[in-house]
Structure formats: C-alpha cells, structure tokens
file protein25.cif (mmCIF, C-alpha atoms)
data_start
#
loop_
_atom_site.label_atom_id
_atom_site.label_comp_id
_atom_site.auth_asym_id
_atom_site.auth_seq_id
_atom_site.Cartn_x
_atom_site.Cartn_y
_atom_site.Cartn_z
CA MET A 1 7.13 -15.61 -5.75
CA ILE A 2 5.45 -15.03 -2.41
CA PHE A 3 1.98 -16.26 -1.48
CA TRP A 4 0.36 -13.97 1.07
CA GLY A 5 -2.88 -15.02 2.70
CA PRO A 6 -4.57 -16.38 5.83
CA PRO A 7 -4.10 -19.98 7.01
CA GLY A 8 -5.83 -22.75 5.10
CA VAL A 9 -6.11 -21.14 1.66
CA GLY A 10 -3.72 -23.59 -0.02
CA LYS A 11 -0.35 -21.81 -0.08
CA THR A 12 1.67 -25.00 0.51
CA THR A 13 -0.55 -27.08 -1.76
CA LEU A 14 -0.21 -24.55 -4.57
CA ALA A 15 3.59 -24.60 -4.24
CA ASN A 16 3.55 -28.41 -4.54
CA ILE A 17 1.29 -28.25 -7.59
CA ILE A 18 3.64 -25.79 -9.30
CA ALA A 19 6.71 -27.94 -8.60
CA ASN A 20 4.94 -31.10 -9.83
CA TYR A 21 3.68 -29.39 -12.97
CA LEU A 22 7.17 -28.11 -13.79
CA LYS A 23 8.68 -31.52 -12.91
CA ARG A 24 11.22 -29.93 -10.60
CA PRO A 25 12.76 -31.17 -7.35
CA PHE A 26 10.89 -29.73 -4.39
CA TYR A 27 12.50 -28.71 -1.09
CA SER A 28 10.44 -27.43 1.81
CA LEU A 29 11.67 -25.50 4.85
CA SER A 30 9.78 -23.95 7.73
CA ALA A 31 11.08 -20.61 8.91
CA ILE A 32 10.06 -21.57 12.45
CA ASN A 33 12.70 -24.31 12.81
CA SER A 34 15.16 -23.70 9.94
CA GLY A 35 18.24 -21.50 9.80
CA VAL A 36 20.93 -20.26 7.44
CA LYS A 37 22.64 -23.68 7.56
CA ASP A 38 19.49 -25.41 6.22
CA ILE A 39 19.15 -22.85 3.43
CA ARG A 40 22.79 -23.31 2.38
CA GLU A 41 22.41 -27.08 2.31
CA VAL A 42 19.50 -26.80 -0.14
CA ILE A 43 21.40 -24.31 -2.28
CA ASP A 44 24.48 -26.57 -2.34
CA LYS A 45 22.32 -29.53 -3.42
CA ALA A 46 20.79 -27.39 -6.17
CA LYS A 47 24.24 -26.36 -7.40
CA SER A 48 25.46 -29.96 -7.51
CA GLN A 49 22.41 -31.08 -9.48
CA GLN A 50 23.03 -28.46 -12.19
CA PHE A 51 25.82 -30.60 -13.63
CA PHE A 52 23.42 -33.48 -14.29
CA GLY A 53 20.94 -31.48 -16.37
CA THR A 54 18.29 -31.50 -13.63
CA ASN A 55 15.80 -28.65 -13.61
CA ASN A 56 16.48 -26.06 -10.94
CA PRO A 57 14.58 -27.01 -7.79
CA VAL A 58 11.74 -25.18 -6.11
CA LEU A 59 12.52 -24.10 -2.56
CA PHE A 60 9.36 -23.56 -0.57
CA ILE A 61 9.70 -21.62 2.69
CA ASP A 62 6.67 -21.61 4.95
CA GLU A 63 6.20 -18.66 7.33
CA ILE A 64 8.95 -16.76 5.49
CA HIS A 65 8.11 -13.63 7.50
CA ARG A 66 9.68 -15.32 10.53
CA PHE A 67 13.11 -15.40 8.88
CA SER A 68 15.55 -12.79 10.18
CA LYS A 69 17.27 -10.32 7.84
CA SER A 70 20.43 -12.45 7.73
CA GLN A 71 18.42 -15.58 6.89
CA GLN A 72 16.62 -13.76 4.08
CA ASP A 73 19.95 -12.32 2.86
CA SER A 74 21.30 -15.86 2.47
CA LEU A 75 18.67 -16.51 -0.22
CA LEU A 76 19.50 -13.52 -2.42
CA GLY A 77 22.42 -14.92 -4.42
CA ALA A 78 20.69 -18.20 -5.30
CA VAL A 79 17.48 -16.43 -6.27
CA GLU A 80 19.33 -13.84 -8.36
CA LYS A 81 21.31 -16.50 -10.25
CA GLY A 82 18.32 -18.79 -10.74
CA ILE A 83 19.91 -21.65 -8.80
CA ILE A 84 16.58 -22.10 -7.06
CA THR A 85 13.04 -20.93 -7.67
CA LEU A 86 11.85 -19.49 -4.38
CA ILE A 87 8.24 -19.75 -3.27
CA GLY A 88 7.57 -18.15 0.11
CA ALA A 89 4.35 -18.36 2.09
CA THR A 90 3.31 -15.82 4.70
CA THR A 91 0.26 -14.82 6.69
CA GLU A 92 1.78 -11.37 7.26
CA ASN A 93 2.08 -8.43 4.88
CA PRO A 94 5.37 -9.09 3.03
CA SER A 95 5.92 -5.34 2.66
CA PHE A 96 6.61 -5.24 6.39
CA GLU A 97 8.30 -8.61 6.91
CA VAL A 98 10.36 -9.41 3.79
CA ILE A 99 13.53 -7.43 3.08
CA SER A 100 13.24 -5.08 0.11
CA ALA A 101 16.12 -6.74 -1.81
CA LEU A 102 14.32 -10.10 -1.75
CA LEU A 103 10.85 -8.61 -2.22
CA SER A 104 11.97 -6.79 -5.39
CA ARG A 105 12.96 -10.17 -6.89
CA CYS A 106 9.59 -11.75 -6.13
CA GLN A 107 6.07 -11.50 -7.46
CA VAL A 108 3.57 -11.28 -4.59
CA TYR A 109 0.27 -13.12 -5.00
CA VAL A 110 -2.54 -12.39 -2.53
CA LEU A 111 -4.58 -15.51 -1.71
CA LYS A 112 -7.97 -14.79 -0.21
CA GLU A 113 -9.84 -16.92 2.29
CA GLN A 114 -12.31 -19.43 0.91
CA THR A 115 -15.85 -18.30 0.12
CA LYS A 116 -18.92 -20.04 1.50
CA GLU A 117 -19.41 -21.76 -1.87
CA ASP A 118 -15.79 -22.97 -1.87
CA LEU A 119 -16.14 -24.44 1.61
CA LEU A 120 -19.42 -26.19 0.84
CA GLN A 121 -17.82 -27.72 -2.25
CA LEU A 122 -14.86 -28.93 -0.17
CA ILE A 123 -17.24 -30.66 2.24
CA ASP A 124 -19.03 -32.39 -0.64
CA ILE A 125 -15.71 -33.53 -2.16
CA ALA A 126 -14.52 -34.86 1.21
CA LEU A 127 -17.75 -36.80 1.83
CA THR A 128 -17.65 -38.26 -1.68
CA ASN A 129 -13.94 -38.98 -2.21
CA ASP A 130 -12.29 -39.44 1.18
CA GLU A 131 -11.55 -43.14 1.79
CA PHE A 132 -12.74 -42.95 5.38
CA LEU A 133 -15.74 -40.60 5.08
CA LYS A 134 -17.33 -42.15 1.99
CA LYS A 135 -17.82 -45.45 3.86
CA LYS A 136 -20.13 -43.73 6.35
CA LYS A 137 -23.69 -42.52 5.91
CA ILE A 138 -23.22 -38.86 6.73
CA LYS A 139 -26.09 -36.40 6.49
CA ILE A 140 -25.36 -32.72 7.12
CA LYS A 141 -28.61 -31.03 8.12
CA GLU A 142 -26.99 -27.68 9.02
CA TYR A 143 -23.73 -26.22 7.76
CA GLU A 144 -23.56 -22.91 9.64
CA SER A 145 -21.42 -24.03 12.61
CA LEU A 146 -18.94 -25.88 10.40
CA LEU A 147 -18.52 -22.79 8.22
CA GLN A 148 -18.37 -20.38 11.15
CA LEU A 149 -15.73 -22.38 13.01
CA SER A 150 -13.61 -22.67 9.87
CA GLY A 151 -13.25 -18.89 9.52
CA GLY A 152 -12.62 -19.40 5.81
CA ASP A 153 -9.76 -21.82 6.55
CA ALA A 154 -10.17 -24.97 4.42
CA ARG A 155 -7.78 -27.00 6.56
CA LYS A 156 -9.63 -26.03 9.74
CA LEU A 157 -12.95 -26.89 8.10
CA LEU A 158 -11.82 -30.40 7.14
CA ASN A 159 -10.20 -30.94 10.55
CA THR A 160 -13.43 -29.90 12.26
CA LEU A 161 -15.47 -32.20 10.03
CA GLU A 162 -13.12 -35.08 10.88
CA ILE A 163 -13.37 -34.39 14.62
CA VAL A 164 -17.17 -34.32 14.47
CA VAL A 165 -17.41 -37.55 12.45
CA ASN A 166 -14.91 -39.36 14.71
CA SER A 167 -16.97 -38.50 17.78
CA PHE A 168 -19.82 -40.78 16.61
CA ASP A 169 -19.73 -44.50 17.36
CA THR A 170 -22.02 -45.36 14.45
CA ASP A 171 -21.61 -45.13 10.67
CA LYS A 172 -24.97 -43.35 10.40
CA ILE A 173 -24.22 -39.75 11.29
CA GLU A 174 -26.41 -36.65 11.31
CA ILE A 175 -24.58 -33.34 11.69
CA THR A 176 -26.33 -30.27 13.12
CA ASN A 177 -25.16 -26.91 14.38
CA ASP A 178 -25.72 -27.92 17.99
CA ASN A 179 -23.75 -31.17 17.90
CA VAL A 180 -20.89 -29.53 15.98
CA LEU A 181 -20.50 -26.83 18.63
CA LYS A 182 -20.79 -29.31 21.47
CA ILE A 183 -18.21 -31.71 19.98
CA VAL A 184 -15.70 -29.00 19.05
CA GLN A 185 -15.89 -27.48 22.54
CA GLN A 186 -14.96 -30.89 23.97
CA ASN A 187 -12.01 -31.16 21.58
CA ILE A 188 -10.86 -27.56 21.69
CA VAL A 189 -7.15 -28.37 22.00
CA ARG A 190 -7.24 -30.76 19.07
CA TYR A 191 -9.37 -28.32 17.07
CA ASP A 192 -6.97 -25.42 17.55
CA LYS A 193 -3.45 -26.69 18.03
CA ALA A 194 -2.03 -23.18 18.56
CA GLY A 195 -4.10 -22.85 21.75
CA ASP A 196 -5.78 -19.56 20.77
CA GLN A 197 -8.38 -18.86 18.10
CA HIS A 198 -6.21 -16.33 16.29
CA TYR A 199 -8.82 -14.41 14.32
CA ASP A 200 -11.54 -14.59 16.98
CA ILE A 201 -9.22 -13.18 19.62
CA ILE A 202 -7.90 -10.31 17.50
CA SER A 203 -11.53 -9.51 16.68
CA ALA A 204 -12.44 -9.45 20.37
CA PHE A 205 -9.36 -7.33 21.06
CA ILE A 206 -10.19 -4.65 18.47
CA LYS A 207 -13.89 -4.60 19.40
CA SER A 208 -12.97 -4.08 23.07
CA ILE A 209 -10.86 -1.05 22.12
CA ARG A 210 -13.65 0.24 19.87
CA GLY A 211 -16.09 -0.27 22.74
CA SER A 212 -13.88 1.80 25.13
CA ASP A 213 -13.30 -1.12 27.53
CA PRO A 214 -9.61 -1.04 28.57
CA ASN A 215 -10.06 -4.00 30.93
CA ALA A 216 -11.33 -6.34 28.21
CA ALA A 217 -8.78 -4.98 25.73
CA VAL A 218 -5.86 -5.70 28.06
CA TYR A 219 -7.28 -9.17 28.79
CA TRP A 220 -7.33 -10.06 25.08
CA LEU A 221 -3.87 -8.53 24.71
CA ALA A 222 -2.65 -10.89 27.45
CA ARG A 223 -4.29 -13.85 25.68
CA MET A 224 -2.37 -13.01 22.51
CA ILE A 225 0.91 -12.52 24.34
CA GLU A 226 0.56 -15.81 26.23
CA GLY A 227 -0.39 -17.52 22.96
CA GLY A 228 2.92 -16.44 21.38
CA GLU A 229 1.50 -13.83 18.99
CA ASP A 230 3.97 -11.67 17.08
CA PRO A 231 4.10 -8.26 18.85
CA LYS A 232 4.42 -6.49 15.50
CA PHE A 233 1.16 -8.05 14.35
CA ILE A 234 -0.56 -6.66 17.46
CA ALA A 235 1.05 -3.24 16.96
CA ARG A 236 -0.09 -3.09 13.33
CA ARG A 237 -3.67 -3.79 14.36
CA LEU A 238 -3.41 -0.97 16.89
CA LEU A 239 -2.29 1.36 14.10
CA ILE A 240 -5.37 0.43 12.08
CA SER A 241 -7.66 0.85 15.09
CA ALA A 242 -6.20 4.27 15.91
CA SER A 243 -7.24 5.52 12.48
CA GLU A 244 -10.40 3.50 11.83
CA ASP A 245 -12.04 3.74 15.26
CA ILE A 246 -10.58 6.89 16.82
CA GLY A 247 -9.53 9.01 13.87
CA ASN A 248 -9.76 12.76 14.28
CA ALA A 249 -11.65 12.51 17.57
CA ASN A 250 -8.11 12.19 18.96
CA PRO A 251 -5.46 12.49 16.20
CA THR A 252 -2.70 11.84 18.75
CA ALA A 253 -3.87 8.22 18.97
CA LEU A 254 -2.34 7.49 15.56
CA VAL A 255 0.95 9.06 16.67
CA ILE A 256 0.98 6.95 19.84
CA ALA A 257 0.15 3.76 17.90
CA ASN A 258 2.87 4.46 15.33
CA ASN A 259 5.43 5.05 18.10
CA CYS A 260 4.28 1.78 19.67
CA PHE A 261 4.90 -0.09 16.40
CA GLN A 262 8.38 1.43 16.07
CA ALA A 263 9.20 0.59 19.69
CA VAL A 264 8.12 -3.06 19.61
CA SER A 265 9.99 -3.50 16.31
CA VAL A 266 13.29 -2.79 18.07
CA ILE A 267 12.55 -4.06 21.60
CA GLY A 268 10.57 -7.29 21.30
CA PHE A 269 9.19 -9.43 24.13
CA PRO A 270 9.01 -9.44 27.09
CA GLU A 271 9.48 -5.66 27.53
CA SER A 272 7.32 -4.70 24.54
CA ARG A 273 4.26 -6.04 26.39
CA ILE A 274 4.43 -2.91 28.58
CA ILE A 275 4.43 -0.60 25.55
CA LEU A 276 1.57 -2.53 24.00
CA SER A 277 -0.43 -2.36 27.21
CA GLN A 278 0.11 1.41 27.53
CA THR A 279 -1.03 1.94 23.95
CA VAL A 280 -4.05 -0.36 24.29
CA VAL A 281 -5.24 1.48 27.41
CA TYR A 282 -4.73 4.85 25.70
CA LEU A 283 -6.69 3.82 22.60
CA ALA A 284 -9.50 2.23 24.62
CA ASN A 285 -9.89 5.44 26.66
CA SER A 286 -9.78 7.74 23.62
CA PRO A 287 -12.95 9.29 22.17
CA LYS A 288 -14.12 7.37 19.13
CA SER A 289 -14.91 8.40 15.56
CA ASN A 290 -15.09 6.40 12.35
CA ALA A 291 -15.84 9.52 10.25
CA SER A 292 -12.62 9.34 8.20
CA TYR A 293 -13.08 5.60 7.66
CA MET A 294 -16.65 6.11 6.48
CA ALA A 295 -15.61 9.06 4.28
CA ILE A 296 -13.14 7.00 2.23
CA ASN A 297 -15.67 4.15 1.93
CA VAL A 298 -18.33 6.53 0.57
CA ALA A 299 -15.77 8.23 -1.69
CA GLN A 300 -14.64 4.92 -3.20
CA GLU A 301 -18.24 3.90 -3.86
CA LEU A 302 -18.80 7.27 -5.56
CA VAL A 303 -15.73 6.74 -7.76
CA LYS A 304 -16.86 3.23 -8.73
CA ARG A 305 -20.31 4.57 -9.58
CA THR A 306 -19.24 7.66 -11.54
CA GLY A 307 -15.99 6.44 -13.12
CA THR A 308 -13.03 8.61 -14.12
CA LEU A 309 -14.59 12.05 -14.19
CA PRO A 310 -12.40 14.80 -15.70
CA VAL A 311 -10.44 17.07 -13.39
CA PRO A 312 -11.83 20.65 -13.58
CA LEU A 313 -9.61 22.77 -15.81
CA HIS A 314 -8.84 25.44 -13.21
CA ILE A 315 -7.19 22.93 -10.82
CA ARG A 316 -5.27 20.93 -13.44
CA ASN A 317 -1.49 20.97 -13.54
CA ALA A 318 0.01 23.28 -16.19
CA PRO A 319 3.77 22.60 -16.47
CA THR A 320 3.98 23.51 -20.19
CA LYS A 321 2.87 26.44 -22.38
CA LEU A 322 0.62 24.14 -24.41
CA MET A 323 -1.25 23.06 -21.31
CA LYS A 324 -1.67 26.68 -20.25
CA ASP A 325 -2.98 27.54 -23.72
CA LEU A 326 -5.50 24.72 -23.37
CA GLY A 327 -6.81 26.34 -20.19
CA HIS A 328 -5.12 24.18 -17.58
CA GLY A 329 -4.92 26.14 -14.33
CA ALA A 330 -6.87 29.10 -15.74
CA ASN A 331 -8.80 31.12 -13.12
CA TYR A 332 -7.36 29.09 -10.27
CA LYS A 333 -7.52 31.02 -7.01
CA TYR A 334 -4.39 30.60 -4.88
CA SER A 335 -5.96 30.22 -1.42
CA HIS A 336 -3.07 31.87 0.44
CA ASN A 337 -3.78 35.12 -1.37
CA TYR A 338 -7.24 35.36 0.20
CA GLU A 339 -8.41 36.33 3.66
CA GLY A 340 -8.08 33.48 6.10
CA GLY A 341 -6.20 31.47 3.48
CA PHE A 342 -9.51 30.36 1.93
CA SER A 343 -11.23 30.83 -1.44
CA ALA A 344 -14.65 29.30 -2.07
CA GLN A 345 -13.92 27.74 -5.44
CA GLU A 346 -14.97 24.34 -6.80
CA TYR A 347 -12.58 21.41 -6.34
CA MET A 348 -14.85 18.53 -7.38
CA PRO A 349 -15.82 17.45 -10.92
CA ASP A 350 -19.05 19.14 -12.08
CA GLU A 351 -20.96 15.84 -12.05
CA VAL A 352 -20.46 15.34 -8.30
CA LYS A 353 -19.96 18.86 -6.98
CA GLY A 354 -21.57 19.53 -3.64
CA THR A 355 -21.38 15.87 -2.63
CA LYS A 356 -20.66 15.51 1.10
CA LEU A 357 -18.37 12.57 1.83
CA TYR A 358 -17.00 13.48 5.27
CA GLU A 359 -19.47 13.69 8.16
CA PRO A 360 -17.66 14.90 11.32
CA GLY A 361 -18.15 12.67 14.35
CA ASN A 362 -20.04 13.57 17.49
CA ASN A 363 -17.05 14.53 19.62
CA PRO A 364 -15.49 17.85 20.70
CA LYS A 365 -12.60 17.76 18.24
CA GLU A 366 -14.71 17.04 15.18
CA ALA A 367 -17.43 19.39 16.38
CA SER A 368 -14.86 22.14 15.86
CA TYR A 369 -14.24 20.79 12.34
CA ARG A 370 -17.97 20.90 11.64
CA LYS A 371 -18.19 24.55 12.71
CA LEU A 372 -15.11 25.44 10.66
CA LEU A 373 -16.53 23.77 7.54
CA LYS A 374 -19.92 25.42 8.06
CA ASP A 375 -18.31 28.84 8.41
CA LYS A 376 -16.21 28.39 5.28
CA TRP A 377 -18.59 26.59 2.92
CA LYS A 378 -21.91 27.97 4.23
CA ASP A 379 -24.71 25.71 2.90
CA LYS A 380 -22.74 24.01 0.12
CA TYR A 381 -22.10 20.79 2.04
CA ASP A 382 -24.97 21.03 4.56
CA TYR A 383 -22.82 20.91 7.70
#

call {"tool": "encode", "arguments": {"input": "protein25.cif", "output": "structure tokens"}}
result
Amino acid sequence: MIFWGPPGVGKTTLANIIANYLKRPFYSLSAINSGVKDIREVIDKAKSQQFFGTNNPVLFIDEIHRFSKSQQDSLLGAVEKGIITLIGATTENPSFEVISALLSRCQVYVLKEQTKEDLLQLIDIALTNDEFLKKKKIKIKEYESLLQLSGGDARKLLNTLEIVVNSFDTDKIEITNDNVLKIVQQNIVRYDKAGDQHYDIISAFIKSIRGSDPNAAVYWLARMIEGGEDPKFIARRLLISASEDIGNANPTALVIANNCFQAVSVIGFPESRIILSQTVVYLANSPKSNASYMAINVAQELVKRTGTLPVPLHIRNAPTKLMKDLGHGANYKYSHNYEGGFSAQEYMPDEVKGTKLYEPGNNPKEASYRKLLKDKWKDKYDY
C-alpha cells in the first residue's frame, strides 16, 4: 500500500501501528539515502526468515517518490511473491512518481492534513500526557498562531509547542499568539529544518503569478530552487496555475506549462531552472481568467444538489435496436448538418435546462467567446 499525504499526518506512525498489530518484523528505509543494495539486503533477510515460520516483514519506504525507476523495479519481485509487505509514504502524487508496475500492485490511501479539531485535541493530549509538559503549568490563552504555523502538520504543531515552552525559564507558562510568533521567529531554523516553509512559499509563488508580478514569482521560484525543491513539483503547480488562473484568456499558457513539465522531467537541475523561469515569466505576464475553474466548481455544486438527473432521450446513446425502439437518440439533430455547424437543441436535463455555469472572463479572448455564445444561444443563457 502507499500512503499519500502532506507531512505530519502520520504516515510513518500508521505503518508502525500496522506492523505492530500484525506482529510482523518492521524494516524502514528512506528513499533519500537508501539504494538498491539496501533494498536487496532487506529482501534477503525476509527470505531467510521464511524458513523459521516468521511472518513476512513489513518494509516501509519513506519518500518513495524519490526512488528511481531501477530502485522501484528492484521491489517488484518481492512484492509480487509476498516476500515483503510494502508500505510506501509519499508527499507527491504517486500517479506521477511511482512506476505503473509497482502502483498496480498497491492500494493507494490518501491521508488528509489534520483538521482544527484534530490539532486542538493533539495539544490537549500533549499537555496532559507528555512527561515533560505535564509537569509545567501551561495555560494557552490563544491557539491561532500555533494552528496557523502548523499548516495542518501534527509534527510541526508539536515541535512548535515544544519550542515555545522551552523558551520560558519558569514552569508557569502563558501562551498567546504574540509570544508564539515572536519565539518561532527567533528559532526559525529549528522550527523549519528544511530551511524553507514549503507550503507558504509555494502559496506565495502561485499568488505572485496570479497577481501578474513576474519579479515576485521569479523570486519565490529562486527560493524553492535554492531550498532543494523538486523541479517536477514546481512544474506541476505551473500546470495547475495555467489552467486555474489563466485558462482561456490565453489557452497557450497550458501548452507552455505542459511543455515545461515534460522538459524538466528529462533535463533536471541546474538547466531546468531556465525553463522554469521562462514559463513563470510567461504565466505571470499572461492575461488572467478563472472562468473555467469557477464553471466546474458551480457545475459540481449543481450536480451535488440535483443528483443523477436522467440524460434527455434525444442525446442518449443508441447502439442497439431495443434502445432505438425505446426512443434513445430520437429527434437528435446532428449539428454538422446545420448552417454554421450549430443546432439550437437542448443538451441539459429538463430540471436544470437554461442554467448558466460558464461566465466568460473579462479579457479579449473570452469576450469573443461571450459574443459567439450570445449569437448562437440568443437569450437562453443570458450572455
């Protein structure tokens, strides 16, 4: 199985719990500093233990997305034969980072970041049960800064709480938003061992592109590059931004972003920084529209609200005589047979017909879409 989720949601802890519950040997490797040799050593140990009636071990691989294709290939035989039970953990989409042969043999579980209620409960448990914290008289007057700095990461939350408590010389401690922020700023390296606040910086990066500021966007790009960020992670976020924030105001942006992703996938650092920079500047300077993004949001809400409405008979598929006899496809107008390749027939279920989901953005490209839709549909959709 593969656990996919952000840092601090308990991927490693959950793997340990599973191994303990099943009473199996537990081996742990990190993809950052392990290679094929380490994998083979674990597999050889597992094979040797089979003769003594020991349960097959659990092999936990942290950051499995960092394994190369050859490293992932070395796992296939042992997984297929059941010599080991593989549990991988990744912060990246396994569809992009795990080879298909291995992915097809795994069940992917998506672990979501902790909710506010989860984090508050963790703080209460720590203050009550932790051998060090329970000896102190800790009063938390305000929780907002602790929660905000955690970013939904339980490990980061507890680390931050520990840093704040350790900064006081007395056992009587009062925690407020102001003193949390002040203390964490003084201990920024200890607070964030990677050197960069991963999610804050990618947020600043995307918002700079959305705000049409190429200078800020390239600055945040440089921060990510210097912090050792995976170039494919950056390129994937550019793909999302090209569609979500630019959309049909400049459809070429998505093509450029996709070409960028393909390029950095085969080139890598340091040269890929140039391709990323070119794409970032292009996206930041592109006209912006979130019309397509908003359209699918509104459409999904409509579907949730109205349920599985029946497809109108005239646009249903009719591959058999029985379906045709039941009226499937009857009176359908084949648009290419009409002037301009357009026939003003109904394509929505009766219950929601006339509902406008797409609102063209205020930019030259989508202004032409608005005019085209108005000319074709007249007053039906109020364009």

call {"tool": "resolve_selection", "arguments": {"input": "protein25.cif", "expression": "the PyMOL selection byres ((chain A and resi 115) around 10)", "output": "PyMOL selection string"}}
result
chain A and resi 112-114+116-121+147+151-154

call {"tool": "residues_around", "arguments": {"input": "protein25.cif", "residues": "Leu149 in chain A", "least_positions_apart": "4", "cutoff": "9 Å", "atoms": "only C-alpha atoms", "output": "list in words"}}
result
Glu144, Ser145, Asp153, Lys156, Leu157, Thr160, Leu181 and Val184 of chain A

call {"tool": "resolve_selection", "arguments": {"input": "protein25.cif", "expression": "the PyMOL selection byres ((chain A and resi 343) around 12)", "output": "list in words"}}
result
Asn331, Tyr332, Lys333, Tyr334, Ser335, His336, Asn337, Tyr338, Glu339, Gly340, Gly341, Phe342, Ala344, Gln345, Glu346, Tyr347, Lys376 and Trp377 of chain A

call {"tool": "residues_around", "arguments": {"input": "protein25.cif", "residues": "Ala19 in chain A", "least_positions_apart": "3", "cutoff": "12 Å", "atoms": "only C-alpha atoms", "output": "mmCIF file with C-alpha atoms, keeping the file's coordinate frame"}}
result
data_model
loop_
_atom_site.group_PDB
_atom_site.id
_atom_site.type_symbol
_atom_site.label_atom_id
_atom_site.label_comp_id
_atom_site.auth_asym_id
_atom_site.auth_seq_id
_atom_site.Cartn_x
_atom_site.Cartn_y
_atom_site.Cartn_z
ATOM 1 C CA THR A 12 1.670 -25.000 0.510
ATOM 2 C CA THR A 13 -0.550 -27.080 -1.760
ATOM 3 C CA LEU A 14 -0.210 -24.550 -4.570
ATOM 4 C CA ALA A 15 3.590 -24.600 -4.240
ATOM 5 C CA ASN A 16 3.550 -28.410 -4.540
ATOM 6 C CA LEU A 22 7.170 -28.110 -13.790
ATOM 7 C CA LYS A 23 8.680 -31.520 -12.910
ATOM 8 C CA ARG A 24 11.220 -29.930 -10.600
ATOM 9 C CA PRO A 25 12.760 -31.170 -7.350
ATOM 10 C CA PHE A 26 10.890 -29.730 -4.390
ATOM 11 C CA TYR A 27 12.500 -28.710 -1.090
ATOM 12 C CA SER A 28 10.440 -27.430 1.810
ATOM 13 C CA ASN A 55 15.800 -28.650 -13.610
ATOM 14 C CA ASN A 56 16.480 -26.060 -10.940
ATOM 15 C CA PRO A 57 14.580 -27.010 -7.790
ATOM 16 C CA VAL A 58 11.740 -25.180 -6.110
ATOM 17 C CA LEU A 59 12.520 -24.100 -2.560
ATOM 18 C CA PHE A 60 9.360 -23.560 -0.570
ATOM 19 C CA ILE A 84 16.580 -22.100 -7.060
ATOM 20 C CA THR A 85 13.040 -20.930 -7.670
ATOM 21 C CA LEU A 86 11.850 -19.490 -4.380
ATOM 22 C CA ILE A 87 8.240 -19.750 -3.270
#

call {"tool": "residues_around", "arguments": {"input": "protein25.cif", "residues": "range 125-127 of chain A", "least_positions_apart": "6", "cutoff": "9 Å", "atoms": "only C-alpha atoms", "output": "list of chain:residue names"}}
result
A:Leu133, A:Lys134, A:Lys135, A:Lys136, A:Ile138, A:Leu158

call {"tool": "residues_around", "arguments": {"input": "protein25.cif", "residues": "Gly361 in chain A", "least_positions_apart": "6", "cutoff": "8 Å", "atoms": "all atoms listed in the file", "output": "list in words"}}
result
Ala249, Ser289, Asn290, Ala291 and Ala367 of chain A

call {"tool": "atom_distance", "arguments": {"input": "protein25.cif", "atom1": "CA of Asn258 in chain A", "atom2": "CA of Ile209 in chain A"}}
result
16.3 Å

call {"tool": "resolve_selection", "arguments": {"input": "protein25.cif", "expression": "the PyMOL selection byres ((chain A and resi 238) around 12)", "output": "PyMOL selection string"}}
result
chain A and resi 202-203+205-210+217+221+231-237+239-246+253-261+275-284

call {"tool": "residues_near_point", "arguments": {"input": "protein25.cif", "point": "(21.9, -21.4, 9.8)", "cutoff": "12 Å", "atoms": "only C-alpha atoms", "output": "PyMOL selection string"}}
result
chain A and resi 31+33-42+67-68+70-75

call {"tool": "write_last_selection", "arguments": {"input": "protein25.cif", "atoms": "C-alpha atoms", "output": "short mmCIF file (atom, residue, chain, number, x, y, z; two decimals), keeping the file's coordinate frame"}}
result
data_model
loop_
_atom_site.label_atom_id
_atom_site.label_comp_id
_atom_site.auth_asym_id
_atom_site.auth_seq_id
_atom_site.Cartn_x
_atom_site.Cartn_y
_atom_site.Cartn_z
CA ALA A 31 11.08 -20.61 8.91
CA ASN A 33 12.70 -24.31 12.81
CA SER A 34 15.16 -23.70 9.94
CA GLY A 35 18.24 -21.50 9.80
CA VAL A 36 20.93 -20.26 7.44
CA LYS A 37 22.64 -23.68 7.56
CA ASP A 38 19.49 -25.41 6.22
CA ILE A 39 19.15 -22.85 3.43
CA ARG A 40 22.79 -23.31 2.38
CA GLU A 41 22.41 -27.08 2.31
CA VAL A 42 19.50 -26.80 -0.14
CA PHE A 67 13.11 -15.40 8.88
CA SER A 68 15.55 -12.79 10.18
CA SER A 70 20.43 -12.45 7.73
CA GLN A 71 18.42 -15.58 6.89
CA GLN A 72 16.62 -13.76 4.08
CA ASP A 73 19.95 -12.32 2.86
CA SER A 74 21.30 -15.86 2.47
CA LEU A 75 18.67 -16.51 -0.22
#

call {"tool": "atom_distance", "arguments": {"input": "protein25.cif", "atom1": "CA of His314 in chain A", "atom2": "CA of His328 in chain A"}}
result
5.9 Å

call {"tool": "atom_distance", "arguments": {"input": "protein25.cif", "atom1": "CA of Asp213 in chain A", "atom2": "CA of Val298 in chain A"}}
result
28.5 Å

call {"tool": "closest_residue", "arguments": {"input": "protein25.cif", "among": "A:Lys137, A:Tyr369, A:Arg305, A:Asn159", "to": "Glu174 in chain A", "atoms": "all atoms listed in the file"}}
result
A:Lys137

call {"tool": "closest_residue", "arguments": {"input": "protein25.cif", "among": "A:Asp375, A:Glu366, A:Glu226, A:Asp62", "to": "Pro251 in chain A", "atoms": "all atoms listed in the file"}}
result
A:Glu366
